[in-house]
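Structure data follow from input18.cif (mmCIF, C-alpha atoms):
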data_structure
loop_
_atom_site.label_atom_id
_atom_site.label_comp_id
_atom_site.auth_asym_id
_atom_site.auth_seq_id
_atom_site.Cartn_x
_atom_site.Cartn_y
_atom_site.Cartn_z
CA MET A 1 -9.05 27.83 -14.81
CA ALA A 2 -11.65 30.24 -16.07
CA THR A 3 -14.79 28.23 -15.31
CA ASP A 4 -16.17 27.16 -11.98
CA PRO A 5 -14.58 23.72 -11.45
CA ARG A 6 -17.57 22.60 -9.40
CA ALA A 7 -19.72 22.32 -12.49
CA PRO A 8 -19.62 18.86 -14.10
CA GLU A 9 -17.72 18.89 -17.35
CA THR A 10 -19.02 17.60 -20.66
CA LEU A 11 -16.99 14.71 -22.01
CA SER A 12 -14.68 15.79 -24.81
CA LEU A 13 -11.24 15.12 -26.14
CA ALA A 14 -9.97 17.82 -23.80
CA THR A 15 -10.99 15.64 -20.84
CA PHE A 16 -8.30 13.21 -21.95
CA THR A 17 -5.66 15.58 -23.29
CA GLN A 18 -5.83 17.79 -20.21
CA GLY A 19 -3.60 15.35 -18.31
CA VAL A 20 -1.38 14.49 -21.24
CA TRP A 21 -0.46 18.00 -22.28
CA LYS A 22 -2.19 21.10 -20.88
CA GLU A 23 -2.04 20.04 -17.25
CA ASN A 24 0.58 17.33 -17.42
CA PRO A 25 1.06 16.34 -13.76
CA VAL A 26 4.86 16.42 -13.97
CA PHE A 27 5.82 18.95 -16.62
CA VAL A 28 3.11 21.52 -15.95
CA MET A 29 1.74 21.01 -12.45
CA LEU A 30 5.00 19.65 -10.97
CA LEU A 31 3.04 17.22 -8.80
CA GLY A 32 4.16 13.86 -7.47
CA LEU A 33 7.82 14.65 -7.99
CA CYS A 34 9.06 12.22 -5.34
CA PRO A 35 8.61 9.07 -7.46
CA VAL A 36 9.42 11.08 -10.59
CA LEU A 37 12.91 11.80 -9.32
CA ALA A 38 13.47 8.60 -7.37
CA VAL A 39 12.52 5.67 -9.60
CA THR A 40 13.23 6.98 -13.07
CA ASN A 41 16.83 5.75 -13.10
CA THR A 42 15.90 3.16 -15.74
CA ALA A 43 13.20 3.18 -18.38
CA THR A 44 11.75 -0.11 -17.09
CA ASN A 45 11.32 1.24 -13.56
CA ALA A 46 9.82 4.44 -14.93
CA LEU A 47 7.32 2.52 -17.06
CA ALA A 48 6.35 0.21 -14.19
CA MET A 49 5.89 3.13 -11.82
CA GLY A 50 3.86 5.01 -14.42
CA LEU A 51 1.58 2.04 -15.07
CA ALA A 52 1.12 1.35 -11.35
CA THR A 53 0.19 5.00 -10.74
CA THR A 54 -2.15 4.98 -13.75
CA PHE A 55 -3.92 1.90 -12.40
CA VAL A 56 -4.41 3.54 -9.01
CA LEU A 57 -5.56 6.79 -10.67
CA LEU A 58 -8.11 4.95 -12.82
CA CYS A 59 -9.55 2.71 -10.12
CA SER A 60 -9.69 5.36 -7.42
CA GLY A 61 -11.13 7.88 -9.90
CA VAL A 62 -13.92 5.49 -10.92
CA LEU A 63 -14.74 4.48 -7.35
CA VAL A 64 -14.69 8.04 -6.03
CA SER A 65 -16.92 9.11 -8.91
CA LEU A 66 -19.34 6.23 -8.25
CA LEU A 67 -19.53 7.05 -4.56
CA ARG A 68 -19.55 10.83 -4.99
CA LYS A 69 -23.18 11.17 -3.95
CA ILE A 70 -22.75 8.87 -0.94
CA ILE A 71 -19.54 10.25 0.56
CA PRO A 72 -20.38 13.08 3.00
CA LYS A 73 -18.31 16.18 2.37
CA GLN A 74 -16.97 16.21 5.93
CA VAL A 75 -15.19 12.84 5.66
CA ARG A 76 -14.36 12.89 1.96
CA ILE A 77 -10.58 13.13 2.33
CA ALA A 78 -10.53 10.15 4.71
CA CYS A 79 -12.67 8.20 2.23
CA TYR A 80 -10.40 9.10 -0.69
CA ILE A 81 -7.32 8.03 1.23
CA ILE A 82 -8.89 4.66 2.14
CA ILE A 83 -9.89 4.09 -1.49
CA ILE A 84 -6.47 5.09 -2.82
CA ALA A 85 -4.64 3.00 -0.21
CA THR A 86 -6.76 -0.02 -1.17
CA PHE A 87 -5.72 0.14 -4.80
CA VAL A 88 -2.11 0.81 -3.89
CA THR A 89 -2.13 -2.37 -1.78
CA ILE A 90 -3.63 -4.26 -4.72
CA VAL A 91 -0.91 -2.91 -7.03
CA ASP A 92 1.70 -3.85 -4.44
CA TYR A 93 0.49 -7.47 -4.37
CA ALA A 94 0.19 -7.55 -8.16
CA ILE A 95 3.76 -6.35 -8.70
CA GLN A 96 5.04 -8.90 -6.19
CA ALA A 97 3.20 -11.59 -8.14
CA ILE A 98 4.53 -10.35 -11.49
CA SER A 99 8.18 -9.87 -10.55
CA LEU A 100 9.92 -9.70 -7.20
CA ASP A 101 12.92 -8.03 -8.83
CA LEU A 102 10.72 -5.21 -10.07
CA HIS A 103 9.18 -4.95 -6.61
CA ARG A 104 12.67 -4.66 -5.16
CA ALA A 105 13.70 -2.03 -7.71
CA LEU A 106 10.67 0.14 -6.96
CA GLY A 107 11.04 -0.48 -3.22
CA ALA A 108 9.16 1.83 -0.90
CA PHE A 109 7.89 3.97 -3.77
CA ILE A 110 5.03 1.58 -4.54
CA GLN A 111 3.50 2.11 -1.11
CA LEU A 112 4.25 5.81 -1.44
CA ILE A 113 1.83 6.05 -4.39
CA VAL A 114 -0.75 6.57 -1.61
CA VAL A 115 0.65 10.02 -0.91
CA ASN A 116 1.15 10.96 -4.56
CA CYS A 117 -0.69 14.25 -4.70
CA VAL A 118 -1.69 13.72 -8.34
CA ILE A 119 -4.09 10.98 -7.28
CA LEU A 120 -5.65 12.75 -4.31
CA GLY A 121 -5.79 15.90 -6.42
CA ARG A 122 -7.72 14.15 -9.18
CA ALA A 123 -10.12 12.55 -6.68
CA GLU A 124 -10.81 15.87 -4.97
CA SER A 125 -10.90 18.21 -7.93
CA TYR A 126 -12.30 16.02 -10.69
CA ALA A 127 -13.65 12.55 -9.87
CA SER A 128 -15.79 13.77 -6.96
CA LYS A 129 -17.61 16.23 -9.23
CA ASN A 130 -17.98 14.37 -12.51
CA PRO A 131 -19.72 11.25 -13.81
CA VAL A 132 -17.87 7.94 -14.02
CA THR A 133 -17.04 8.07 -17.73
CA ASN A 134 -15.50 11.52 -17.43
CA ALA A 135 -13.57 10.52 -14.33
CA PHE A 136 -12.26 7.43 -16.13
CA VAL A 137 -11.19 9.33 -19.25
CA ASN A 138 -9.64 12.14 -17.24
CA ALA A 139 -7.76 9.74 -14.95
CA LEU A 140 -6.54 7.81 -18.01
CA GLY A 141 -5.26 11.07 -19.51
CA MET A 142 -3.50 12.01 -16.29
CA GLY A 143 -2.04 8.50 -16.01
CA VAL A 144 -0.80 8.57 -19.60
CA GLY A 145 0.69 12.02 -19.02
CA PHE A 146 2.38 10.88 -15.83
CA THR A 147 3.70 7.69 -17.46
CA LEU A 148 4.98 9.62 -20.47
CA ALA A 149 6.75 12.11 -18.23
CA LEU A 150 8.36 9.31 -16.21
CA LEU A 151 9.40 7.57 -19.42
CA CYS A 152 10.95 10.81 -20.76
CA LEU A 153 13.13 10.97 -17.67
CA GLY A 154 13.77 7.25 -17.46
CA VAL A 155 14.93 6.97 -21.07
CA VAL A 156 17.36 9.89 -20.78
CA ARG A 157 18.72 8.71 -17.44
CA GLU A 158 19.14 5.08 -18.49
CA VAL A 159 20.83 5.95 -21.79
CA LEU A 160 23.25 8.38 -20.13
CA GLY A 161 23.66 6.64 -16.79
CA PHE A 162 23.87 3.00 -17.88
CA GLY A 163 24.35 3.15 -21.65
CA SER A 164 21.31 0.94 -22.17
CA LEU A 165 17.59 1.22 -22.92
CA PHE A 166 15.04 -1.11 -21.30
CA GLY A 167 18.03 -3.22 -20.27
CA PHE A 168 19.49 -3.59 -23.77
CA GLU A 169 23.07 -2.38 -24.19
CA LEU A 170 23.27 0.44 -26.74
CA PHE A 171 26.87 1.47 -27.09
CA GLY A 172 29.07 -1.55 -26.39
CA ALA A 173 31.87 -1.91 -23.86
CA SER A 174 33.75 1.27 -24.76
CA PHE A 175 30.91 3.46 -23.44
CA GLN A 176 31.74 5.22 -20.19
CA PRO A 177 28.42 5.69 -18.33
CA TRP A 178 27.67 9.13 -16.95
CA ALA A 179 27.04 7.76 -13.48
CA VAL A 180 25.46 10.90 -12.04
CA PHE A 181 22.39 10.32 -14.20
CA ALA A 182 21.80 6.96 -12.54
CA LEU A 183 21.95 8.61 -9.12
CA PRO A 184 19.28 10.86 -7.57
CA PRO A 185 20.90 14.17 -8.66
CA GLY A 186 20.59 12.98 -12.26
CA GLY A 187 16.83 13.06 -11.80
CA PHE A 188 16.97 16.78 -11.13
CA PHE A 189 19.21 17.42 -14.14
CA ALA A 190 17.03 15.39 -16.47
CA LEU A 191 13.84 16.98 -15.11
CA ALA A 192 15.31 20.45 -15.54
CA GLY A 193 16.20 19.64 -19.15
CA TRP A 194 12.69 18.41 -19.94
CA LEU A 195 11.03 21.34 -18.14
CA PHE A 196 13.15 23.72 -20.18
CA LEU A 197 12.15 21.98 -23.39
CA PHE A 198 8.44 22.03 -22.49
CA ALA A 199 8.55 25.66 -21.42
CA LEU A 200 10.19 26.51 -24.73
CA ILE A 201 7.54 24.67 -26.79
CA ARG A 202 4.77 26.25 -24.72
CA LYS A 203 6.21 29.72 -25.22
CA ARG A 204 6.51 29.26 -28.98
CA ARG A 205 2.89 28.04 -29.17
CA THR A 206 1.66 30.96 -27.10
CA ALA A 207 3.57 33.38 -29.27
CA ALA A 208 2.01 31.86 -32.41
CA LYS A 209 -1.56 31.91 -31.01
CA PRO A 210 -1.74 34.80 -28.55
CA GLU A 211 -5.52 34.51 -28.04
CA GLU A 212 -5.07 31.06 -26.46
CA SER A 213 -2.60 32.21 -23.87
CA HIS A 214 -4.83 31.10 -21.00
CA VAL A 215 -4.62 27.52 -19.88
CA ALA A 216 -8.25 26.47 -20.20
CA MET B 1 -9.78 24.61 -3.74
CA SER B 2 -13.46 25.51 -3.69
CA ASP B 3 -12.64 28.28 -1.18
CA ALA B 4 -11.73 30.49 -4.11
CA PHE B 5 -15.38 30.64 -5.15
CA PRO B 6 -18.32 32.12 -3.26
CA PRO B 7 -19.37 29.31 -0.90
CA PRO B 8 -22.85 27.84 -1.41
CA PRO B 9 -25.26 28.19 1.51
CA ALA B 10 -23.94 25.80 4.13
CA PRO B 11 -26.01 22.58 4.15
CA ALA B 12 -27.06 21.16 7.49
CA LEU B 13 -24.30 19.06 9.05
CA PRO B 14 -25.11 15.40 8.48
CA SER B 15 -25.52 13.31 11.59
CA SER B 16 -22.48 11.53 13.00
CA ARG B 17 -24.16 8.23 12.28
CA LYS B 18 -24.25 9.05 8.57
CA LEU B 19 -20.55 9.93 8.54
CA ILE B 20 -19.60 6.78 10.41
CA THR B 21 -21.79 4.61 8.16
CA ALA B 22 -20.20 6.05 5.03
CA LEU B 23 -16.68 5.54 6.34
CA ALA B 24 -17.47 2.04 7.55
CA ALA B 25 -19.03 1.07 4.22
CA ILE B 26 -15.97 2.27 2.33
CA ALA B 27 -13.67 0.50 4.76
CA VAL B 28 -15.61 -2.74 4.24
CA ILE B 29 -15.40 -2.43 0.44
CA SER B 30 -11.65 -1.75 0.75
CA GLY B 31 -11.15 -4.68 3.08
CA LEU B 32 -12.95 -7.00 0.69
CA LEU B 33 -10.93 -5.84 -2.31
CA VAL B 34 -7.63 -6.22 -0.48
CA ALA B 35 -8.58 -9.64 0.91
CA VAL B 36 -9.61 -10.95 -2.51
CA THR B 37 -6.40 -9.67 -4.10
CA TYR B 38 -4.35 -11.23 -1.33
CA GLN B 39 -6.08 -14.59 -1.76
CA VAL B 40 -5.47 -14.54 -5.52
CA THR B 41 -1.86 -13.39 -5.46
CA ALA B 42 -0.57 -15.12 -2.30
CA PRO B 43 0.32 -18.48 -3.94
CA VAL B 44 2.04 -16.75 -6.87
CA ILE B 45 3.98 -14.46 -4.54
CA LYS B 46 5.05 -17.43 -2.42
CA LYS B 47 6.28 -19.28 -5.51
CA ASN B 48 8.19 -16.16 -6.61
CA GLN B 49 9.75 -15.80 -3.18
CA GLN B 50 10.90 -19.43 -3.21
CA ALA B 51 12.38 -19.03 -6.66
CA ALA B 52 14.11 -15.83 -5.56
CA LEU B 53 15.49 -17.52 -2.43
CA GLU B 54 16.75 -20.43 -4.51
CA ARG B 55 18.42 -18.00 -6.93
CA ALA B 56 19.94 -16.18 -3.95
CA ILE B 57 21.37 -19.45 -2.57
CA PHE B 58 23.17 -20.16 -5.82
CA GLN B 59 24.27 -16.53 -5.98
CA VAL B 60 26.00 -16.54 -2.58
CA LEU B 61 27.36 -20.04 -3.20
CA PRO B 62 28.37 -19.69 -6.86
CA THR B 63 30.18 -23.05 -7.00
CA ALA B 64 27.14 -24.95 -5.71
CA THR B 65 25.05 -26.99 -8.12
CA ALA B 66 22.61 -28.50 -5.64
CA HIS B 67 21.31 -27.64 -2.21
CA ALA B 68 19.75 -29.39 0.76
CA ASN B 69 17.36 -27.76 3.22
CA PHE B 70 17.68 -27.88 6.98
CA ARG B 71 15.77 -26.35 9.84
CA LEU B 72 17.81 -25.11 12.78
CA GLU B 73 15.75 -24.72 15.93
CA GLY B 74 17.04 -24.59 19.49
CA ASN B 75 19.98 -26.97 19.59
CA ALA B 76 18.82 -29.23 16.79
CA LEU B 77 19.51 -29.26 13.06
CA THR B 78 16.91 -31.27 11.14
CA PRO B 79 17.11 -32.12 7.44
CA LEU B 80 13.97 -31.18 5.55
CA PRO B 81 12.63 -32.61 2.28
CA ALA B 82 12.72 -30.30 -0.74
CA GLU B 83 8.96 -29.57 -0.56
CA GLN B 84 9.34 -27.94 2.85
CA PHE B 85 11.53 -25.25 1.36
CA ALA B 86 9.59 -22.48 3.08
CA GLU B 87 10.28 -23.80 6.59
CA ALA B 88 14.03 -24.20 6.11
CA ASN B 89 16.46 -21.66 7.50
CA VAL B 90 19.75 -23.34 6.67
CA PHE B 91 20.65 -24.26 3.11
CA ALA B 92 23.72 -26.39 2.45
CA GLY B 93 25.23 -26.04 -1.03
CA TYR B 94 27.09 -28.87 -2.77
CA ASP B 95 29.24 -28.79 -5.88
CA ALA B 96 29.17 -31.24 -8.78
CA ASP B 97 31.31 -33.74 -6.79
CA HIS B 98 28.79 -33.72 -3.89
CA GLN B 99 31.22 -31.80 -1.69
CA LEU B 100 29.93 -29.18 0.75
CA VAL B 101 30.92 -25.73 -0.54
CA GLY B 102 29.14 -23.67 2.09
CA VAL B 103 25.99 -22.99 4.03
CA ALA B 104 23.55 -20.21 3.25
CA MET B 105 21.60 -18.67 6.12
CA GLU B 106 19.33 -15.71 6.60
CA GLY B 107 19.97 -12.72 8.79
CA SER B 108 18.06 -9.53 9.37
CA ALA B 109 18.55 -6.25 11.15
CA ARG B 110 16.96 -2.84 11.25
CA GLY B 111 18.19 -0.56 8.48
CA TYR B 112 17.47 3.04 7.64
CA GLN B 113 13.87 2.56 6.45
CA ASP B 114 12.85 -0.91 7.43
CA VAL B 115 14.28 -4.32 8.25
CA VAL B 116 17.03 -5.44 5.87
CA ARG B 117 16.94 -9.19 5.21
CA ILE B 118 20.07 -10.80 3.83
CA LEU B 119 21.18 -14.28 2.86
CA TYR B 120 24.83 -14.98 3.60
CA ALA B 121 27.17 -17.82 2.82
CA TYR B 122 29.23 -19.42 5.58
CA ASP B 123 32.06 -21.84 4.96
CA PRO B 124 32.49 -24.27 7.89
CA ALA B 125 35.97 -25.28 6.65
CA GLN B 126 37.33 -21.71 6.72
CA GLN B 127 35.04 -20.61 9.57
CA GLY B 128 34.32 -17.48 7.63
CA ILE B 129 31.57 -15.64 5.78
CA LEU B 130 32.01 -15.76 2.02
CA GLY B 131 29.48 -13.17 0.94
CA PHE B 132 25.86 -12.10 1.13
CA THR B 133 22.99 -10.94 -0.97
CA VAL B 134 20.05 -8.74 0.01
CA LEU B 135 16.71 -10.54 0.05
CA GLN B 136 14.52 -7.64 1.08
CA SER B 137 15.18 -4.02 1.81
CA SER B 138 13.46 -0.69 1.52
CA GLU B 139 16.68 1.27 1.79
CA THR B 140 17.09 4.51 -0.10
CA PRO B 141 17.63 3.68 -3.78
CA GLY B 142 21.12 4.70 -4.86
CA ILE B 143 22.45 4.91 -1.28
CA GLY B 144 21.50 1.96 0.91
CA ASP B 145 21.60 -0.50 -1.97
CA LYS B 146 25.32 0.19 -2.39
CA VAL B 147 26.04 -2.63 0.08
CA GLU B 148 25.42 -5.02 -2.82
CA SER B 149 27.04 -3.08 -5.62
CA ASP B 150 30.07 -1.53 -3.89
CA ASP B 151 33.11 -3.67 -4.77
CA ALA B 152 35.16 -2.43 -1.79
CA PHE B 153 32.36 -3.44 0.56
CA GLN B 154 32.11 -6.89 -1.01
CA GLU B 155 35.89 -7.24 -0.48
CA ASN B 156 35.16 -7.56 3.27
CA PHE B 157 33.82 -11.03 2.68
CA ASN B 158 36.71 -12.95 1.38
CA PRO B 159 36.24 -14.41 3.90
CA LEU B 160 35.04 -12.43 6.93
CA ASP B 161 36.26 -14.15 10.09
CA ALA B 162 33.38 -15.79 11.98
CA SER B 163 35.28 -18.38 14.02
CA LEU B 164 33.82 -19.67 17.28
CA ASN B 165 35.43 -19.26 20.68
CA ALA B 166 37.14 -22.14 22.48
CA ALA B 167 33.92 -23.22 24.22
CA GLY B 168 32.12 -23.24 20.87
CA ASP B 169 29.07 -21.38 22.19
CA ALA B 170 29.57 -17.95 20.60
CA LEU B 171 31.71 -16.12 18.07
CA ALA B 172 35.33 -15.55 19.16
CA HIS B 173 34.96 -11.93 18.06
CA PRO B 174 31.59 -10.33 17.41
CA ILE B 175 31.24 -9.10 13.82
CA THR B 176 31.16 -5.30 13.83
CA THR B 177 30.90 -2.65 11.17
CA VAL B 178 33.56 0.04 11.49
CA LYS B 179 33.79 3.41 9.77
CA ASN B 180 35.09 3.45 6.23
CA GLY B 181 38.86 2.86 6.18
CA ARG B 182 39.12 1.85 9.85
CA LYS B 183 39.10 -1.94 9.35
CA VAL B 184 42.07 -3.61 11.07
CA ASN B 185 40.81 -7.06 12.05
CA ALA B 186 39.49 -9.92 9.95
CA TRP B 187 36.13 -9.85 11.78
CA GLU B 188 35.46 -6.18 11.10
CA ILE B 189 33.44 -4.88 8.18
CA ASP B 190 34.70 -1.75 6.49
CA GLY B 191 31.54 0.36 6.16
CA ILE B 192 30.56 2.49 3.18
CA SER B 193 30.77 6.20 3.82
CA GLY B 194 27.37 7.66 2.92
CA ALA B 195 25.60 4.35 3.56
CA THR B 196 26.66 3.99 7.18
CA ILE B 197 23.32 2.82 8.54
CA THR B 198 22.80 0.12 5.93
CA SER B 199 26.43 -1.05 6.28
CA ALA B 200 25.89 -1.32 10.02
CA ALA B 201 22.62 -3.17 9.43
CA VAL B 202 24.46 -5.79 7.36
CA GLY B 203 27.05 -6.17 10.14
CA ASN B 204 24.33 -6.46 12.80
CA ALA B 205 22.37 -8.97 10.76
CA LEU B 206 25.49 -11.12 10.28
CA ASN B 207 26.48 -10.89 13.93
CA THR B 208 23.03 -11.66 15.35
CA SER B 209 22.45 -14.54 12.98
CA ALA B 210 25.98 -15.99 13.29
CA GLN B 211 25.92 -15.80 17.11
CA ALA B 212 22.60 -17.65 17.18
CA MET B 213 23.13 -20.19 14.41
CA LEU B 214 26.80 -21.07 14.16
CA PRO B 215 27.31 -22.81 17.55
CA THR B 216 24.48 -25.26 16.80
CA LEU B 217 25.49 -25.56 13.17
CA ILE B 218 29.09 -26.44 13.99
CA ALA B 219 28.00 -28.91 16.70
CA ASN B 220 25.84 -30.69 14.11
CA GLN B 221 28.28 -30.30 11.26
CA HIS B 222 28.23 -34.05 10.49
CA LEU B 223 24.62 -33.73 9.30
CA LEU B 224 25.70 -31.37 6.53
CA THR B 225 27.91 -33.90 4.78
CA PRO B 226 26.14 -35.10 1.66
CA ARG B 227 24.12 -38.25 2.00
CA LYS B 228 25.01 -39.44 -1.51
CA GLY B 229 28.73 -38.61 -1.66
CA ASP B 230 31.47 -41.02 -0.50
CA GLU B 231 34.16 -39.24 1.47
#

Target encoding structure tokens, full file:
Amino acid sequence: MATDPRAPETLSLATFTQGVWKENPVFVMLLGLCPVLAVTNTATNALAMGLATTFVLLCSGVLVSLLRKIIPKQVRIACYIIIIATFVTIVDYAIQAISLDLHRALGAFIQLIVVNCVILGRAESYASKNPVTNAFVNALGMGVGFTLALLCLGVVREVLGFGSLFGFELFGASFQPWAVFALPPGGFFALAGWLFLFALIRKRRTAAKPEESHVA
Amino acid sequence: MSDAFPPPPAPALPSSRKLITALAAIAVISGLLVAVTYQVTAPVIKKNQQAALERAIFQVLPTATAHANFRLEGNALTPLPAEQFAEANVFAGYDADHQLVGVAMEGSARGYQDVVRILYAYDPAQQGILGFTVLQSSETPGIGDKVESDDAFQENFNPLDASLNAAGDALAHPITTVKNGRKVNAWEIDGISGATITSAAVGNALNTSAQAMLPTLIANQHLLTPRKGDE
């Protein structure tokens, strides 16, 4: 970061793409890895977790931004946590109402969205310093980036670990699933693969455009 | 993060009252939002839970085609109408010929993360437990949830001995979970190595529930016979 992050940012496409690509919470910042590794064993779980996190990011971002002039600096973290926990509880109820099976599959990780550092990080470093529209767009970008990253892992792990995609069988009965990808260690392998790929793309881009080597 | 930059001149510390007011206001907003969401989703969640319980009953009693609800309280077993599904704690399953195939009951015990709630099937004719399914658990994904997916663990219930003692007031042998590969008796559960705590929780849930429910259930067994069928 070259500029003072305390200055409000003007709304631009970069506000959105920051979370999707340049500062992707998973592939670049390596934040919130607990749900990333734990619930990406199938693409459906990954998508649900991504959407739930995006919802919490959006709502808490908007509310923190709205209240940014009211919240005293000394108690801001406590306020952010209350706001985030509120929306996590709402998501928890909503998922129970949509599908109990999904709620069971995601288990404790729904409640654990509260401690996902991506969300608190956005509230502290962006939403509390920028107007509502910017906070909304930025949170949406971060949410999309987080969901995409989870989906990347979920798709690979489900195809290799179960031989299916979104629950649909892909290969027929003769396919021998690579069980380790369905288990927690598979999350590390898949994440390592994706990180390698992203680092490679990033390096190529930097080599092509050396003047843009700084992450803005 | 702002520490990295030259700090602005420190503003005067706001009064405690201001801090408390701000926190209280946010807490009130949060409380309202959560309460409204709860009010809206509660009926839907309840309906989902009933549907899930009903599915679970037919899952642990695969040969059943219909079920009747009972409430077991103290020493009494009372039949309940179908609408009072939520208050029932004993579910009798009947096959197509109106014969009793088994009784589904709930059990719960402390697991690794939180309470594990299971629904298990008991066959009064064999005095044994036929199987179980997990209703609610927060166990570690990929480890604790093995109790449902591990075939060797499911083999314990075919059936697991849960016969009553001569007096009929407790189990003849308490159901216990033993270490993987140490099972010698019909009332022991062979645990899963790596998921010891959850395996033990299933055993504890079965034991606690069976000790409490089965004596009364067996004493009132005549109530379970189908009202329609002719035996």

Run the PyMOL selection byres ((chain B) within 8 of (chain A)) mentally over the shown coordinates, then write out the matched residues as a PyMOL selection string, using the chain letters and numbers from the document.
-> chain B and resi 1-2+5+14+18-19+22-23+26-27+30-31+33-34+37-38+41-42+44-45+48-49+52+136-139+141-142

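Between CA of Cys117 in chain A and CA of Leu200 in chain A there is a distance of 25.9 Å.
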
Can you tell me how far CA of Tyr94 in chain B sits from CA of Leu53 in chain B, in Å to one decimal?
-> 16.2 Å

For Ala68 in chain B, work out the shell of residues within 7 Å, counting all atoms listed in the file and skipping chain neighbours fewer than 3 positions away, then give it as a PyMOL selection string.
-> chain B and resi 91-93

Find, counting all atoms listed in the file, the residue in A:Val64, A:Met29, A:Ala43, A:Cys34 that gets nearest to Phe188 in chain A.
-> A:Cys34

Mind checking which residues fall within 8 Å of range 172-182 of chain B, counting all atoms listed in the file, ignoring those fewer than 2 positions away in the same chain, and posting them as a list in words?
-> Ala162, Ser163, Leu164, Asn165, Ala166, Ala170, Val184, Trp187, Glu188, Ile189, Asp190, Gly191, Ile192, Ser193, Thr196, Ser199, Ala200, Gly203, Asn204, Leu206, Asn207 and Gln211 of chain B

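The result of the PyMOL selection byres ((chain A and resi 55) around 10) on the shown file is Met49, Gly50, Leu51, Ala52, Thr53, Thr54, Val56, Leu57, Leu58, Cys59, Ser60, Gly61, Phe87, Val88, Ile90, Val91, Ala139, Leu140 and Gly143 of chain A.
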
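Every residue that the PyMOL selection byres ((chain B and resi 121-127) around 7) selects in this file is listed here: Val60, Leu61, Val101, Gly102, Val103, Ala104, Met105, Leu119, Tyr120, Gly128, Ile129, Leu130, Gly131, Phe132, Asp161, Ala162 and Ser163 of chain B.
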
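Residue nearest Ser108 in chain B, chosen from B:Gln59, B:Asn220, B:Thr198, B:Ser16 and counting only C-alpha atoms: B:Thr198.
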
Computed gap from CA of Ala149 in chain A to CA of Ile143 in chain B is 24.2 Å

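Closest approach to Leu160 in chain A among A:Asn116, A:Thr206, A:Gln176, A:Ser128 is made by A:Gln176 (distances from only C-alpha atoms).
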
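Minimum atom-to-atom distances from A:Phe168, A:Phe16, A:Trp178, A:Phe27 to Leu195 in chain A were compared using only C-alpha atoms, and the lowest value belongs to A:Phe27.
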
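With all atoms listed in the file taken into account, the protein and nucleic acid residues at most 9 Å from Thr44 in chain A (excluding it and anything under 5 positions from it in its own chain) are Met49, Leu102, Leu151, Gly154, Val155, Leu165, Phe166 and Gly167 of chain A.
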
Box time for range 56-63 of chain B: axis-aligned, enclosing all its listed atoms, 6 Å extra on each side; report centre and edge lengths in Å to one decimal, as JSON.
{"center_x": 25.1, "center_y": -19.6, "center_z": -4.8, "size_x": 22.2, "size_y": 18.9, "size_z": 16.4}

Residues near Ala135 in chain A, cut-off 7 Å, all atoms listed in the file, skip fewer than 2 positions along chain, as number ranges by chain = A: 61-62, 65, 126-127, 130-133, 137-139

Using all atoms listed in the file, the best pick from B:Leu72, B:Val40, B:Ala167, B:Ala25 as closest to Glu87 in chain B would be B:Leu72

List as an NGL selection string: which residues have an atom within 10 Å of (17.9, -27.9, 10.3), counting only C-alpha atoms?
-> :B and (68-80 or 87-92 or 216-217 or 220 or 223-224)

Using all atoms listed in the file, which residues sit within 7 Å of Ala109 in chain B once same-chain residues fewer than 3 positions away are excluded, as a VMD selection string?
-> chain B and resid 115 to 117 201 204 to 205

The residue from A:Val159, A:Ala192, A:Ile201, A:Ala123 with the smallest atom-to-atom distance to Pro177 in chain A, counting only C-alpha atoms, is A:Val159

N, CA and C atoms of range 142-150 of chain B, written as a JSON list (two decimals), in the first residue's frame:
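decode.json was written with the following content:
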[["chain", "number", "residue", "atom", "x", "y", "z"],
["B", 142, "GLY", "N", -15.06, -34.79, 8.96],
["B", 142, "GLY", "CA", -14.05, -35.71, 8.49],
["B", 142, "GLY", "C", -13.51, -36.62, 9.57],
["B", 143, "ILE", "N", -13.78, -36.30, 10.86],
["B", 143, "ILE", "CA", -13.28, -37.17, 11.94],
["B", 143, "ILE", "C", -14.47, -37.68, 12.74],
["B", 144, "GLY", "N", -15.13, -36.75, 13.47],
["B", 144, "GLY", "CA", -16.24, -37.16, 14.32],
["B", 144, "GLY", "C", -17.42, -37.71, 13.52],
["B", 145, "ASP", "N", -17.61, -37.23, 12.30],
["B", 145, "ASP", "CA", -18.77, -37.70, 11.55],
["B", 145, "ASP", "C", -18.57, -39.10, 10.97],
["B", 146, "LYS", "N", -17.40, -39.70, 11.24],
["B", 146, "LYS", "CA", -17.18, -41.08, 10.81],
["B", 146, "LYS", "C", -18.14, -42.06, 11.46],
["B", 147, "VAL", "N", -18.68, -41.72, 12.65],
["B", 147, "VAL", "CA", -19.56, -42.67, 13.32],
["B", 147, "VAL", "C", -20.74, -43.05, 12.42],
["B", 148, "GLU", "N", -21.10, -42.17, 11.49],
["B", 148, "GLU", "CA", -22.21, -42.49, 10.59],
["B", 148, "GLU", "C", -21.73, -43.21, 9.34],
["B", 149, "SER", "N", -20.52, -42.86, 8.88],
["B", 149, "SER", "CA", -20.10, -43.37, 7.58],
["B", 149, "SER", "C", -19.22, -44.62, 7.69],
["B", 150, "ASP", "N", -18.65, -44.90, 8.87],
["B", 150, "ASP", "CA", -17.73, -46.01, 9.00],
["B", 150, "ASP", "C", -18.52, -47.33, 9.05]]
